[in-house]
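What follows is the content of protein_10.cif (mmCIF, C-alpha atoms; chains and numbers go by the auth columns).
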```cif
data_target
loop_
_atom_site.group_PDB
_atom_site.id
_atom_site.type_symbol
_atom_site.label_atom_id
_atom_site.label_comp_id
_atom_site.label_asym_id
_atom_site.label_seq_id
_atom_site.Cartn_x
_atom_site.Cartn_y
_atom_site.Cartn_z
_atom_site.B_iso_or_equiv
_atom_site.auth_seq_id
_atom_site.auth_asym_id
ATOM 1 C CA MET A 1 -5.438 -28.304 -2.433 0.00 884 A
ATOM 2 C CA SER A 2 -2.985 -31.163 -2.140 0.00 885 A
ATOM 3 C CA GLY A 3 -1.186 -32.032 1.074 0.00 886 A
ATOM 4 C CA THR A 4 2.090 -30.678 -0.350 0.00 887 A
ATOM 5 C CA GLU A 5 0.493 -27.386 -1.422 0.00 888 A
ATOM 6 C CA GLU A 6 -1.116 -27.005 1.975 0.00 889 A
ATOM 7 C CA ARG A 7 2.194 -27.637 3.795 0.00 890 A
ATOM 8 C CA GLU A 8 3.958 -25.088 1.563 0.00 891 A
ATOM 9 C CA LEU A 9 1.229 -22.533 2.184 0.00 892 A
ATOM 10 C CA VAL A 10 1.413 -23.010 5.946 0.00 893 A
ATOM 11 C CA ALA A 11 5.231 -22.851 5.824 0.00 894 A
ATOM 12 C CA LYS A 12 5.065 -19.515 3.968 0.00 895 A
ATOM 13 C CA TRP A 13 2.617 -18.161 6.535 0.00 896 A
ATOM 14 C CA ARG A 14 4.838 -19.266 9.414 0.00 897 A
ATOM 15 C CA ASP A 15 7.922 -17.722 7.785 0.00 898 A
ATOM 16 C CA LEU A 16 6.073 -14.430 7.332 0.00 899 A
ATOM 17 C CA SER A 17 4.778 -14.505 10.904 0.00 900 A
ATOM 18 C CA THR A 18 8.254 -15.277 12.279 0.00 901 A
ATOM 19 C CA CYS A 19 9.775 -12.437 10.257 0.00 902 A
ATOM 20 C CA TYR A 20 7.139 -9.984 11.504 0.00 903 A
ATOM 21 C CA ASN A 21 7.597 -11.073 15.109 0.00 904 A
ATOM 22 C CA ASN A 22 11.387 -10.756 14.913 0.00 905 A
ATOM 23 C CA VAL A 23 11.218 -7.268 13.398 0.00 906 A
ATOM 24 C CA ALA A 24 8.473 -6.090 15.774 0.00 907 A
ATOM 25 C CA CYS A 25 10.330 -7.357 18.858 0.00 908 A
ATOM 26 C CA ASP A 26 13.582 -5.677 17.792 0.00 909 A
ATOM 27 C CA LEU A 27 11.761 -2.437 16.973 0.00 910 A
ATOM 28 C CA ASP A 28 9.928 -2.419 20.283 0.00 911 A
ATOM 29 C CA ARG A 29 13.102 -3.122 22.263 0.00 912 A
ATOM 30 C CA GLU A 30 15.274 -0.547 20.466 0.00 913 A
ATOM 31 C CA LEU A 31 12.630 2.195 20.472 0.00 914 A
ATOM 32 C CA GLN A 32 11.895 1.618 24.162 0.00 915 A
ATOM 33 C CA ASP A 33 15.552 1.403 25.222 0.00 916 A
ATOM 34 C CA GLN A 34 16.762 4.376 23.200 0.00 917 A
ATOM 35 C CA HIS A 35 13.743 6.692 23.072 0.00 918 A
ATOM 36 C CA GLY A 36 11.210 5.597 25.702 0.00 919 A
ATOM 37 C CA LEU A 37 8.617 4.756 23.046 0.00 920 A
ATOM 38 C CA GLY A 38 6.827 1.491 22.443 0.00 921 A
ATOM 39 C CA LEU A 39 6.336 0.303 18.885 0.00 922 A
ATOM 40 C CA SER A 40 2.639 1.273 18.840 0.00 923 A
ATOM 41 C CA GLU A 41 3.443 4.729 20.200 0.00 924 A
ATOM 42 C CA PHE A 42 6.139 5.266 17.592 0.00 925 A
ATOM 43 C CA GLU A 43 3.884 3.990 14.801 0.00 926 A
ATOM 44 C CA ALA A 44 1.075 6.398 15.757 0.00 927 A
ATOM 45 C CA LEU A 45 3.517 9.314 16.033 0.00 928 A
ATOM 46 C CA ASP A 46 5.224 8.353 12.766 0.00 929 A
ATOM 47 C CA ARG A 47 1.933 8.143 10.864 0.00 930 A
ATOM 48 C CA LEU A 48 0.802 11.479 12.312 0.00 931 A
ATOM 49 C CA ILE A 49 3.991 13.327 11.407 0.00 932 A
ATOM 50 C CA GLU A 50 4.541 11.598 8.070 0.00 933 A
ATOM 51 C CA SER A 51 0.998 12.571 7.017 0.00 934 A
ATOM 52 C CA GLY A 52 2.297 16.100 6.441 0.00 935 A
ATOM 53 C CA GLN A 53 -0.822 17.550 8.058 0.00 936 A
ATOM 54 C CA ASP A 54 -0.928 19.671 11.198 0.00 937 A
ATOM 55 C CA LYS A 55 -3.615 17.470 12.719 0.00 938 A
ATOM 56 C CA LEU A 56 -5.543 14.305 11.971 0.00 939 A
ATOM 57 C CA ARG A 57 -8.854 12.990 13.234 0.00 940 A
ATOM 58 C CA MET A 58 -8.350 10.067 15.595 0.00 941 A
ATOM 59 C CA HIS A 59 -10.141 7.647 13.248 0.00 942 A
ATOM 60 C CA GLU A 60 -7.948 8.763 10.299 0.00 943 A
ATOM 61 C CA LEU A 61 -4.802 8.158 12.314 0.00 944 A
ATOM 62 C CA ALA A 62 -6.059 4.764 13.476 0.00 945 A
ATOM 63 C CA GLU A 63 -6.810 3.544 9.930 0.00 946 A
ATOM 64 C CA GLY A 64 -4.406 0.884 8.829 0.00 947 A
ATOM 65 C CA MET A 65 -2.936 0.368 12.287 0.00 948 A
ATOM 66 C CA TYR A 66 -2.981 -3.075 13.814 0.00 949 A
ATOM 67 C CA LEU A 67 -4.628 -1.975 17.079 0.00 950 A
ATOM 68 C CA SER A 68 -8.202 -2.211 18.287 0.00 951 A
ATOM 69 C CA GLN A 69 -9.977 1.107 18.820 0.00 952 A
ATOM 70 C CA SER A 70 -9.516 0.915 22.592 0.00 953 A
ATOM 71 C CA ALA A 71 -5.829 -0.047 22.328 0.00 954 A
ATOM 72 C CA PHE A 72 -5.275 2.818 19.895 0.00 955 A
ATOM 73 C CA SER A 73 -7.012 5.263 22.256 0.00 956 A
ATOM 74 C CA ARG A 74 -4.742 4.106 25.100 0.00 957 A
ATOM 75 C CA THR A 75 -1.697 4.557 22.853 0.00 958 A
ATOM 76 C CA VAL A 76 -2.667 8.144 22.020 0.00 959 A
ATOM 77 C CA ALA A 77 -3.410 8.796 25.713 0.00 960 A
ATOM 78 C CA ARG A 78 0.139 7.665 26.620 0.00 961 A
ATOM 79 C CA LEU A 79 1.576 9.950 23.949 0.00 962 A
ATOM 80 C CA GLU A 80 -0.539 12.800 25.296 0.00 963 A
ATOM 81 C CA ARG A 81 0.563 12.189 28.920 0.00 964 A
ATOM 82 C CA ALA A 82 4.176 12.233 27.706 0.00 965 A
ATOM 83 C CA GLY A 83 3.563 15.614 26.054 0.00 966 A
ATOM 84 C CA LEU A 84 4.210 14.266 22.550 0.00 967 A
ATOM 85 C CA VAL A 85 0.730 14.890 21.116 0.00 968 A
ATOM 86 C CA GLY A 86 -2.301 16.969 21.959 0.00 969 A
ATOM 87 C CA ARG A 87 -5.954 16.110 21.469 0.00 970 A
ATOM 88 C CA SER A 88 -8.700 18.612 20.723 0.00 971 A
ATOM 89 C CA MET A 89 -12.375 18.528 19.860 0.00 972 A
ATOM 90 C CA CYS A 90 -13.479 19.028 16.285 0.00 973 A
ATOM 91 C CA MET A 91 -15.741 22.063 16.205 0.00 974 A
ATOM 92 C CA ASP A 92 -17.683 20.745 13.179 0.00 975 A
ATOM 93 C CA ASP A 93 -18.286 17.319 14.716 0.00 976 A
ATOM 94 C CA ARG A 94 -18.152 17.173 18.504 0.00 977 A
ATOM 95 C CA ARG A 95 -17.892 13.384 18.377 0.00 978 A
ATOM 96 C CA ALA A 96 -14.524 13.627 16.629 0.00 979 A
ATOM 97 C CA LEU A 97 -11.142 14.372 18.165 0.00 980 A
ATOM 98 C CA PHE A 98 -8.086 15.780 16.442 0.00 981 A
ATOM 99 C CA VAL A 99 -4.556 14.652 17.270 0.00 982 A
ATOM 100 C CA THR A 100 -1.667 17.087 16.837 0.00 983 A
ATOM 101 C CA ALA A 101 2.052 16.456 17.327 0.00 984 A
ATOM 102 C CA THR A 102 3.705 18.809 19.802 0.00 985 A
ATOM 103 C CA ASP A 103 7.199 20.240 19.351 0.00 986 A
ATOM 104 C CA ALA A 104 8.439 17.632 21.839 0.00 987 A
ATOM 105 C CA GLY A 105 6.680 14.932 19.801 0.00 988 A
ATOM 106 C CA ARG A 106 8.304 16.102 16.586 0.00 989 A
ATOM 107 C CA SER A 107 11.698 16.135 18.271 0.00 990 A
ATOM 108 C CA ARG A 108 11.291 12.653 19.780 0.00 991 A
ATOM 109 C CA HIS A 109 10.029 11.351 16.443 0.00 992 A
ATOM 110 C CA ALA A 110 13.051 12.749 14.601 0.00 993 A
ATOM 111 C CA GLU A 111 15.379 10.968 17.025 0.00 994 A
ATOM 112 C CA ALA A 112 13.448 7.693 17.038 0.00 995 A
ATOM 113 C CA ARG A 113 12.886 7.659 13.277 0.00 996 A
ATOM 114 C CA ASP A 114 16.553 6.901 12.604 0.00 997 A
ATOM 115 C CA THR A 115 16.481 3.984 15.049 0.00 998 A
ATOM 116 C CA HIS A 116 13.268 2.669 13.497 0.00 999 A
ATOM 117 C CA ARG A 117 14.630 2.842 9.959 0.00 1000 A
ATOM 118 C CA LYS A 118 17.958 1.216 10.958 0.00 1001 A
ATOM 119 C CA VAL A 119 16.147 -1.753 12.492 0.00 1002 A
ATOM 120 C CA LEU A 120 13.966 -2.065 9.390 0.00 1003 A
ATOM 121 C CA ALA A 121 17.027 -1.907 7.127 0.00 1004 A
ATOM 122 C CA HIS A 122 18.784 -4.553 9.227 0.00 1005 A
ATOM 123 C CA HIS A 123 15.910 -6.990 8.865 0.00 1006 A
ATOM 124 C CA LEU A 124 14.414 -6.079 5.505 0.00 1007 A
ATOM 125 C CA GLY A 125 17.125 -4.233 3.585 0.00 1008 A
#
```
Is it possible to give me this structure as structure tokens?
Amino acid sequence: MSGTEERELVAKWRDLSTCYNNVACDLDRELQDQHGLGLSEFEALDRLIESGQDKLRMHELAEGMYLSQSAFSRTVARLERAGLVGRSMCMDDRRALFVTATDAGRSRHAEARDTHRKVLAHHLG
């Protein structure tokens, strides 16, 4: 790789990283200010509800998210303390936990979803 190619590659990476950081910061601020949800909390709730299933196993919900297992567990615990999701044991596999959105979680998601999509449209649309 030539010096010019390397500089262009690094510049592309930095542009992408800057774009992500700008969008993520705006999302986190708007979701927190307007709905009392952090970006990770909204993302977990959004993935759960958008799955179209009544419940998901914790590991299924965590797939594709940008959080470590422990950070994801703390995120779900915050949602549970806020009454937005419930957790229950899987009867077939006692090592697994299911996550279910509550009525309050569905309501908060519906409100926050519009804010989330507006911020995305502002930056990416």
Residue IDs satisfying the PyMOL selection byres ((chain A and resi 988-1004) around 12), as a PyMOL selection string: chain A and resi 902-903+905-933+935+937+959+961-969+982-987+1005-1008
Take the residues from that selection and put them in a file with C-alpha atoms, as a short mmCIF file (atom, residue, chain, number, x, y, z; two decimals), in the coordinates of the input.
```cif
data_model
loop_
_atom_site.label_atom_id
_atom_site.label_comp_id
_atom_site.auth_asym_id
_atom_site.auth_seq_id
_atom_site.Cartn_x
_atom_site.Cartn_y
_atom_site.Cartn_z
CA CYS A 902 9.78 -12.44 10.26
CA TYR A 903 7.14 -9.98 11.50
CA ASN A 905 11.39 -10.76 14.91
CA VAL A 906 11.22 -7.27 13.40
CA ALA A 907 8.47 -6.09 15.77
CA CYS A 908 10.33 -7.36 18.86
CA ASP A 909 13.58 -5.68 17.79
CA LEU A 910 11.76 -2.44 16.97
CA ASP A 911 9.93 -2.42 20.28
CA ARG A 912 13.10 -3.12 22.26
CA GLU A 913 15.27 -0.55 20.47
CA LEU A 914 12.63 2.19 20.47
CA GLN A 915 11.90 1.62 24.16
CA ASP A 916 15.55 1.40 25.22
CA GLN A 917 16.76 4.38 23.20
CA HIS A 918 13.74 6.69 23.07
CA GLY A 919 11.21 5.60 25.70
CA LEU A 920 8.62 4.76 23.05
CA GLY A 921 6.83 1.49 22.44
CA LEU A 922 6.34 0.30 18.89
CA SER A 923 2.64 1.27 18.84
CA GLU A 924 3.44 4.73 20.20
CA PHE A 925 6.14 5.27 17.59
CA GLU A 926 3.88 3.99 14.80
CA ALA A 927 1.08 6.40 15.76
CA LEU A 928 3.52 9.31 16.03
CA ASP A 929 5.22 8.35 12.77
CA ARG A 930 1.93 8.14 10.86
CA LEU A 931 0.80 11.48 12.31
CA ILE A 932 3.99 13.33 11.41
CA GLU A 933 4.54 11.60 8.07
CA GLY A 935 2.30 16.10 6.44
CA ASP A 937 -0.93 19.67 11.20
CA VAL A 959 -2.67 8.14 22.02
CA ARG A 961 0.14 7.66 26.62
CA LEU A 962 1.58 9.95 23.95
CA GLU A 963 -0.54 12.80 25.30
CA ARG A 964 0.56 12.19 28.92
CA ALA A 965 4.18 12.23 27.71
CA GLY A 966 3.56 15.61 26.05
CA LEU A 967 4.21 14.27 22.55
CA VAL A 968 0.73 14.89 21.12
CA GLY A 969 -2.30 16.97 21.96
CA VAL A 982 -4.56 14.65 17.27
CA THR A 983 -1.67 17.09 16.84
CA ALA A 984 2.05 16.46 17.33
CA THR A 985 3.70 18.81 19.80
CA ASP A 986 7.20 20.24 19.35
CA ALA A 987 8.44 17.63 21.84
CA HIS A 1005 18.78 -4.55 9.23
CA HIS A 1006 15.91 -6.99 8.86
CA LEU A 1007 14.41 -6.08 5.50
CA GLY A 1008 17.12 -4.23 3.58
#
```
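Coordinates place CA of Arg940 (chain A) at a distance of 5.6 Å from CA of Leu980 (chain A).
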Nearest to Arg970 (chain A), chosen from A:Ser900, A:Ser956, A:Ser934, A:Thr887, with all atoms listed in the file counted in the distances: A:Ser956
Given all atoms listed in the file as the counted atoms, nearest of A:Met974, A:Ala960, A:Gly886, A:Phe981 to Leu944 (chain A):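 Among A:Met974, A:Ala960, A:Gly886, A:Phe981, it is A:Phe981 that comes nearest to Leu944 (chain A).
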Residue among A:Ser885, A:Asn904, A:Asp898, A:Met941 lying closest to Cys973 (chain A), counting only C-alpha atoms: A:Met941
Atomic separation - CA of Ala945 (chain A) relative to CA of Asp975 (chain A), Å: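 Computing the Euclidean distance for CA of Asp975 (chain A) and CA of Ala945 (chain A) yields 19.8 Å.
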Distance in Å - CA of Ala894 (chain A) versus CA of Met948 (chain A):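 CA of Met948 (chain A) lies at a distance of 25.4 Å from CA of Ala894 (chain A).
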